[in-house]
Amino acid sequence: MAEVTISALVKVFPNGARAADGLDLTIRDGEFFALLGPSGCGKTTLLRMLAGLETPTGGTITLGGQDVTRLPPGKRDLAMVFQDYALYPHMTVTDNIAYPLKVRKVAKDERHAKAREAAGSLQLEELMERRPGQLSGGQQQRVALARALAYPTELFLFDEPLSNLDARLRLEARTFLKRLQTDLGVTTVYVTHDQSEALALADRMAVMDAGRFRQVGAPLEVYQRPSSRFVASFIGSVPMNLLPATVADGGLRVGSNRVPVPAHAREHVAAGDEVVVGARPEYAELLAEPADDALAGTVAVVELLGTEYLVTVEDGDLSVQATAPEDPGIGSRAWVRLGERHTLLYRADDGELVDAPRAASARDQMVAAG
Amino acid sequence: MSAGAGPKAPQTPAGGGAGGGAGAAPASQDASDDAPAAAAGGQETAGAVVLGRGGASAFVAPALGLVGVFLIFPALWTLYLGLTNARLTGLAAAEPQFVGLSNFVRALTDPLFRNSLKVTAIFVVGSAVVGQTGLGFLLAWSLRGWRGPVRSAIEVLVILAWIIPGSVVAFLWIALLDGRSGTLNTLIPGDGGIEWLLRYPMASIIVFNTWRGAAFSMLLFGAALASLPPSHLETARLAGASAWQQLRDVILPSIRGHILTALLLISLWTFNLFTPYLLTRGGPNFQTEVLPIYIYRVAISSGQLGYGAAISAIMLAINLVVALVYLNVLKDKT
Ligand SMILES: Nc1ncnc2c1ncn2[C@@H]1O[C@H](COP(=O)(O)OP(=O)(O)OP(=O)(O)O)[C@@H](O)[C@H]1O
Ligand SMILES: [Mg+2]
């Protein structure tokens, strides 16, 4: 079992792509850590550097207290599931799963037993004698997962291991993974595009963009209090409302409406500040009657989410979404109250929360100016 | 576009009936899977209708005709000649007599023919299997990680050796290996004066042919290695596999088809190669008399056309057997 530390990790590819741009992070022993971010932000690259398949341009990586920055992959004692599965077409499912054990000189009977065991927990028993070419995408993915689970390691690296499964199988595999990881207590780094997966599985998560961490924290914290406009727009199954606004006479002017400044942000803004109001549709309230702290508009779109409706209310350029238990009917007048307690204010210029300290260079300038 | 006529049979094994837990909604999935397959089938049918069986045959006929004239007829003619006592000149050239299998029987007891078979085998194994295929793979393997001018330079050199005409290359090699003023002897410190082509004739032609043909397998293996997904090797490296284990467990099985193809083509080329004649003329003392040279000597130099044809027929048969063996291995669980 191992703690993973990276500090000042930089990776610049020969073509100039900066896939890691000064990453600092400690992943605790036994932690399930999820990496989330848009395509091309450097998730796979970070995983590959942890695995030793990519040499960092700068910075260090330690595994269980040992500096492994220059250690070859075979000496790091970790298992990785690749985005493209990397199954050997010339081997049966059994041999594929057992291959790492074969390299470690485990006897044939024992490694086949281990392979069957790992495969069984992923519902692959029927397929053991097939070759990867005779499997569906989801089945191949489970074989790749089984191969990683079949031998004991210090660290699991998963690169979107469930992306090709159907919804039900994905939920099952997810639950299975979570249980397995809790049982084994193996430190796990898990890359995913599916944020519900990250929210469900992870002890902590990081949101990446352009080779940097934009926010690191517990899923609930990241979900409820995205530290920047970028994270806010990225996290959440329905996108957060992000409305440009101006602070004026103790309130926020949003389009032609006025809403109160959230209590927790009051001391961080001054009249005339340009801000962005962030409010989740789930916390917003749809009203059929006028209210003075609500945004007024006309219902433009109604989408059924399952148990409730996602309603888009428009007023000129302004468009805001809220969930409602009933369909208000397209074209009707409606008022949206944002839910002050969960409303966040971001600075319009750097996109950070208004109560966050400014980045160093900006603060220096302010100090100099003052 | 009668979609129903499309060949649906091959769809069944490919379809999702994979047994596992795929559960959820197989029925609707199968239905949507069917659509593109049926459409593709329809297109094939449409193509056949446009051309028609007769039209298609008409298109193929000229090619078949050429194959007949230039391949099958000479082969049969060789077989026929092999059964006669035809000679290049003289009475037996005008009116060859049918002598049955006596040419073939004679070949079995001819020590020079058997010597030639042995020499050819050594030459093929040494220069085709070990030399060209082995060296080609080694080159491709070691150049794999390289980029830039060094790699390009090596590639250009190797490919040059391949594309320069054989007679020119032979001249270059004679200049290189010559006893008195050869480049090699000049380079080696000391008295020198070694007549390489006389002292080490077999080694000379093996090195010569290896050098000449390594480019082909290098290019072939280079392409094969490039198409190997990097994650396959990386998985092995993560498991701790040594370079040798990676080669044995991942690389060689993955490019098995390429290896067999290269082996087949190169062995057959080498087996039928006459170029060693340009270096050693089959000598000294028949040490490098490979089959093509032997046939040339028997049929053309000594004029025994019938006997030469019989040996050619044997050679043809060996070629066929080699090709069939390779093709069978290739077909085996690919
Ligand atoms: N071998 C490479 N050479 C050059 N650039 C690379 C290489 N690998 C990745 N990159 C670049 O580095 C950046 C990060 O790539 P990476 O594969 O880590 O993205 P990712 O976050 O995993 O994306 P995705 O979610 O699509 O898998 C991208 O801009 C990519 O183009
Ligand atoms: Mg990736």
# chains A, B, ... in the order shown; residues from 1 in each chain; ligands from 1
>>> residues_around(residues="region 217-234 of chain A", least_positions_apart="5", cutoff="10 Å", atoms="only C-alpha atoms", output="ChimeraX atom specification")
/A:33-34,36-38,195-196,198-209,239-242,276-280,342-348,350-356
>>> write_last_selection(atoms="N, CA and C atoms", output="compact mmCIF listing (two decimals), in the first residue's frame")
# COMPACT_ATOMS: atom_id res chain seq x y z
N PHE A 33 -8.88 8.02 -5.73
CA PHE A 33 -8.74 9.38 -6.21
C PHE A 33 -9.17 9.46 -7.67
N ALA A 34 -10.11 10.35 -7.97
CA ALA A 34 -10.60 10.45 -9.35
C ALA A 34 -10.02 11.68 -10.04
N LEU A 36 -10.64 14.16 -13.23
CA LEU A 36 -11.70 14.55 -14.13
C LEU A 36 -11.21 15.75 -14.93
N GLY A 37 -11.66 15.84 -16.14
CA GLY A 37 -11.28 17.03 -16.91
C GLY A 37 -11.64 16.83 -18.37
N PRO A 38 -11.66 17.92 -19.11
CA PRO A 38 -12.03 17.81 -20.52
C PRO A 38 -10.99 17.02 -21.31
N GLN A 195 -18.70 12.25 -14.69
CA GLN A 195 -18.55 12.86 -13.37
C GLN A 195 -19.40 12.17 -12.32
N SER A 196 -20.52 11.56 -12.72
CA SER A 196 -21.29 10.87 -11.70
C SER A 196 -20.47 9.70 -11.15
N ALA A 198 -17.19 9.74 -10.89
CA ALA A 198 -16.21 10.33 -9.98
C ALA A 198 -16.87 10.68 -8.65
N LEU A 199 -18.05 11.28 -8.72
CA LEU A 199 -18.73 11.67 -7.49
C LEU A 199 -19.08 10.44 -6.66
N ALA A 200 -19.46 9.36 -7.34
CA ALA A 200 -19.90 8.17 -6.62
C ALA A 200 -18.74 7.39 -6.02
N LEU A 201 -17.61 7.33 -6.73
CA LEU A 201 -16.54 6.43 -6.33
C LEU A 201 -15.48 7.07 -5.45
N ALA A 202 -15.19 8.32 -5.72
CA ALA A 202 -13.94 8.88 -5.22
C ALA A 202 -14.03 9.33 -3.77
N ASP A 203 -12.92 9.15 -3.06
CA ASP A 203 -12.77 9.78 -1.75
C ASP A 203 -12.44 11.24 -1.95
N ARG A 204 -11.55 11.47 -2.92
CA ARG A 204 -11.25 12.84 -3.31
C ARG A 204 -11.11 12.86 -4.82
N MET A 205 -11.21 14.04 -5.38
CA MET A 205 -11.08 14.13 -6.82
C MET A 205 -10.36 15.41 -7.22
N ALA A 206 -9.83 15.41 -8.43
CA ALA A 206 -9.20 16.61 -8.95
C ALA A 206 -9.83 16.92 -10.30
N VAL A 207 -10.10 18.20 -10.52
CA VAL A 207 -10.57 18.62 -11.83
C VAL A 207 -9.40 19.27 -12.54
N MET A 208 -9.07 18.77 -13.72
CA MET A 208 -7.91 19.27 -14.45
C MET A 208 -8.34 20.08 -15.65
N ASP A 209 -7.48 21.01 -16.02
CA ASP A 209 -7.66 21.72 -17.27
C ASP A 209 -6.30 22.16 -17.77
N PRO A 239 -25.80 21.42 -16.28
CA PRO A 239 -24.82 22.48 -16.06
C PRO A 239 -25.34 23.56 -15.12
N MET A 240 -24.40 24.12 -14.37
CA MET A 240 -24.74 25.18 -13.44
C MET A 240 -25.14 26.43 -14.21
N ASN A 241 -26.09 27.21 -13.66
CA ASN A 241 -26.39 28.52 -14.23
C ASN A 241 -25.22 29.44 -13.97
N LEU A 242 -24.70 30.06 -14.99
CA LEU A 242 -23.62 31.04 -14.81
C LEU A 242 -24.08 32.33 -15.48
N VAL A 276 -19.90 36.87 -11.85
CA VAL A 276 -20.74 35.84 -12.48
C VAL A 276 -21.44 35.09 -11.37
N VAL A 277 -22.76 35.00 -11.47
CA VAL A 277 -23.53 34.31 -10.46
C VAL A 277 -23.63 32.84 -10.84
N GLY A 278 -23.21 31.96 -9.92
CA GLY A 278 -23.30 30.52 -10.19
C GLY A 278 -24.36 29.90 -9.30
N ALA A 279 -25.34 29.27 -9.90
CA ALA A 279 -26.39 28.64 -9.10
C ALA A 279 -26.84 27.37 -9.78
N ARG A 280 -26.91 26.28 -9.03
CA ARG A 280 -27.31 25.01 -9.62
C ARG A 280 -28.81 24.98 -9.83
N HIS A 342 -26.94 28.51 -1.70
CA HIS A 342 -26.06 27.74 -2.57
C HIS A 342 -25.54 28.55 -3.75
N THR A 343 -25.85 29.83 -3.75
CA THR A 343 -25.40 30.65 -4.88
C THR A 343 -23.96 31.10 -4.64
N LEU A 344 -23.16 31.02 -5.69
CA LEU A 344 -21.75 31.40 -5.59
C LEU A 344 -21.50 32.58 -6.50
N LEU A 345 -20.54 33.41 -6.11
CA LEU A 345 -20.17 34.54 -6.96
C LEU A 345 -18.73 34.36 -7.44
N TYR A 346 -18.55 34.48 -8.75
CA TYR A 346 -17.20 34.40 -9.32
C TYR A 346 -16.85 35.76 -9.88
N ARG A 347 -15.57 36.12 -9.78
CA ARG A 347 -15.12 37.36 -10.39
C ARG A 347 -15.21 37.21 -11.91
N ALA A 348 -15.64 38.25 -12.57
CA ALA A 348 -15.79 38.17 -14.03
C ALA A 348 -14.43 38.09 -14.72
N ASP A 350 -11.03 36.89 -13.55
CA ASP A 350 -10.22 35.67 -13.51
C ASP A 350 -11.04 34.41 -13.25
N GLY A 351 -12.35 34.54 -13.06
CA GLY A 351 -13.20 33.36 -12.94
C GLY A 351 -13.11 32.65 -11.61
N GLU A 352 -12.38 33.24 -10.62
CA GLU A 352 -12.27 32.60 -9.31
C GLU A 352 -13.41 33.08 -8.42
N LEU A 353 -13.63 32.36 -7.30
CA LEU A 353 -14.62 32.80 -6.32
C LEU A 353 -14.23 34.19 -5.79
N VAL A 354 -15.24 35.03 -5.46
CA VAL A 354 -14.90 36.39 -5.03
C VAL A 354 -14.12 36.39 -3.72
N ASP A 355 -14.29 35.35 -2.87
CA ASP A 355 -13.56 35.36 -1.60
C ASP A 355 -12.20 34.68 -1.70
N ALA A 356 -11.85 34.20 -2.91
CA ALA A 356 -10.53 33.58 -3.08
C ALA A 356 -9.47 34.67 -3.21
>>> closest_atom_pairs(of="chain A", to="chain B", cutoff="6 Å", atoms="only C-alpha atoms", output="JSON lines")
{"residue": "A:Pro73", "atom": "CA", "partner": "B:Leu238", "partner_atom": "CA", "distance": 5.0}
{"residue": "A:Gly74", "atom": "CA", "partner": "B:Gly240", "partner_atom": "CA", "distance": 3.7}
{"residue": "A:Ala86", "atom": "CA", "partner": "B:His232", "partner_atom": "CA", "distance": 5.0}
{"residue": "A:Pro100", "atom": "CA", "partner": "B:Ala239", "partner_atom": "CA", "distance": 5.0}
{"residue": "A:Val103", "atom": "CA", "partner": "B:Ala241", "partner_atom": "CA", "distance": 5.8}
>>> write_last_selection(atoms="N, CA and C atoms", output="short mmCIF file (atom, residue, chain, number, x, y, z; two decimals), in the first residue's frame")
data_model
loop_
_atom_site.label_atom_id
_atom_site.label_comp_id
_atom_site.auth_asym_id
_atom_site.auth_seq_id
_atom_site.Cartn_x
_atom_site.Cartn_y
_atom_site.Cartn_z
N PRO A 73 8.97 1.14 -15.31
CA PRO A 73 7.62 0.74 -14.91
C PRO A 73 7.56 -0.61 -14.20
N GLY A 74 8.37 -1.56 -14.65
CA GLY A 74 8.30 -2.90 -14.08
C GLY A 74 8.69 -2.94 -12.61
N ALA A 86 -5.57 -2.74 -24.46
CA ALA A 86 -4.28 -3.42 -24.62
C ALA A 86 -4.35 -4.90 -24.33
N PRO A 100 0.38 -11.09 -16.50
CA PRO A 100 1.29 -10.49 -15.50
C PRO A 100 1.78 -11.50 -14.48
N VAL A 103 4.59 -13.52 -16.08
CA VAL A 103 5.85 -12.78 -16.04
C VAL A 103 6.48 -12.92 -14.66
#
>>> residues_near_ligand(ligand="ligand 2", cutoff="10 Å", atoms="only C-alpha atoms and all ligand atoms", output="number ranges by chain")
A: 37-48, 82-84, 159-160, 191-193
>>> select_by_dssp(residues="region 144-322 of chain B", states="helix (DSSP H, G or I)", output="PyMOL selection string")
chain B and resi 149-163+166-177+183-187+196-199+201-226+230-239+243-254+256-271+276-280+291-301+305-322
>>> atom_distance(atom1="CA of Ser267 (chain B)", atom2="CA of Val129 (chain B)")
6.8 Å
>>> residues_around(residues="Phe171 (chain B)", least_positions_apart="4", cutoff="12 Å", atoms="only C-alpha atoms", output="number ranges by chain")
B: 164-167, 175-178, 182, 208, 275-280
>>> residues_around(residues="Val298 (chain B)", least_positions_apart="5", cutoff="8 Å", atoms="only C-alpha atoms", output="list of chain:residue names")
B:Gly303, B:Gln304, B:Leu305, B:Tyr307, B:Gly308
>>> write_last_selection(atoms="C-alpha atoms", output="PDB file, in the first residue's frame")
ATOM      1  CA  GLY B 303      23.732 -28.510 -73.388  1.00  0.00           C
ATOM      2  CA  GLN B 304      21.819 -31.310 -71.588  1.00  0.00           C
ATOM      3  CA  LEU B 305      18.451 -29.628 -71.950  1.00  0.00           C
ATOM      4  CA  TYR B 307      18.327 -33.298 -67.750  1.00  0.00           C
ATOM      5  CA  GLY B 308      18.341 -29.607 -66.877  1.00  0.00           C
TER       6      GLY B 308
END
>>> atom_distance(atom1="atom 13 (C, counted along the ligand's line) of ligand 1", atom2="CA of Arg18 (chain A)")
6.5 Å
>>> residues_around(residues="Tyr151 (chain A)", least_positions_apart="2", cutoff="12 Å", atoms="only C-alpha atoms", output="PyMOL selection string")
(chain A and resi 77-80+97-104+106+110-115+117-118+145-149+153-156+184+186) or (chain B and resi 239)
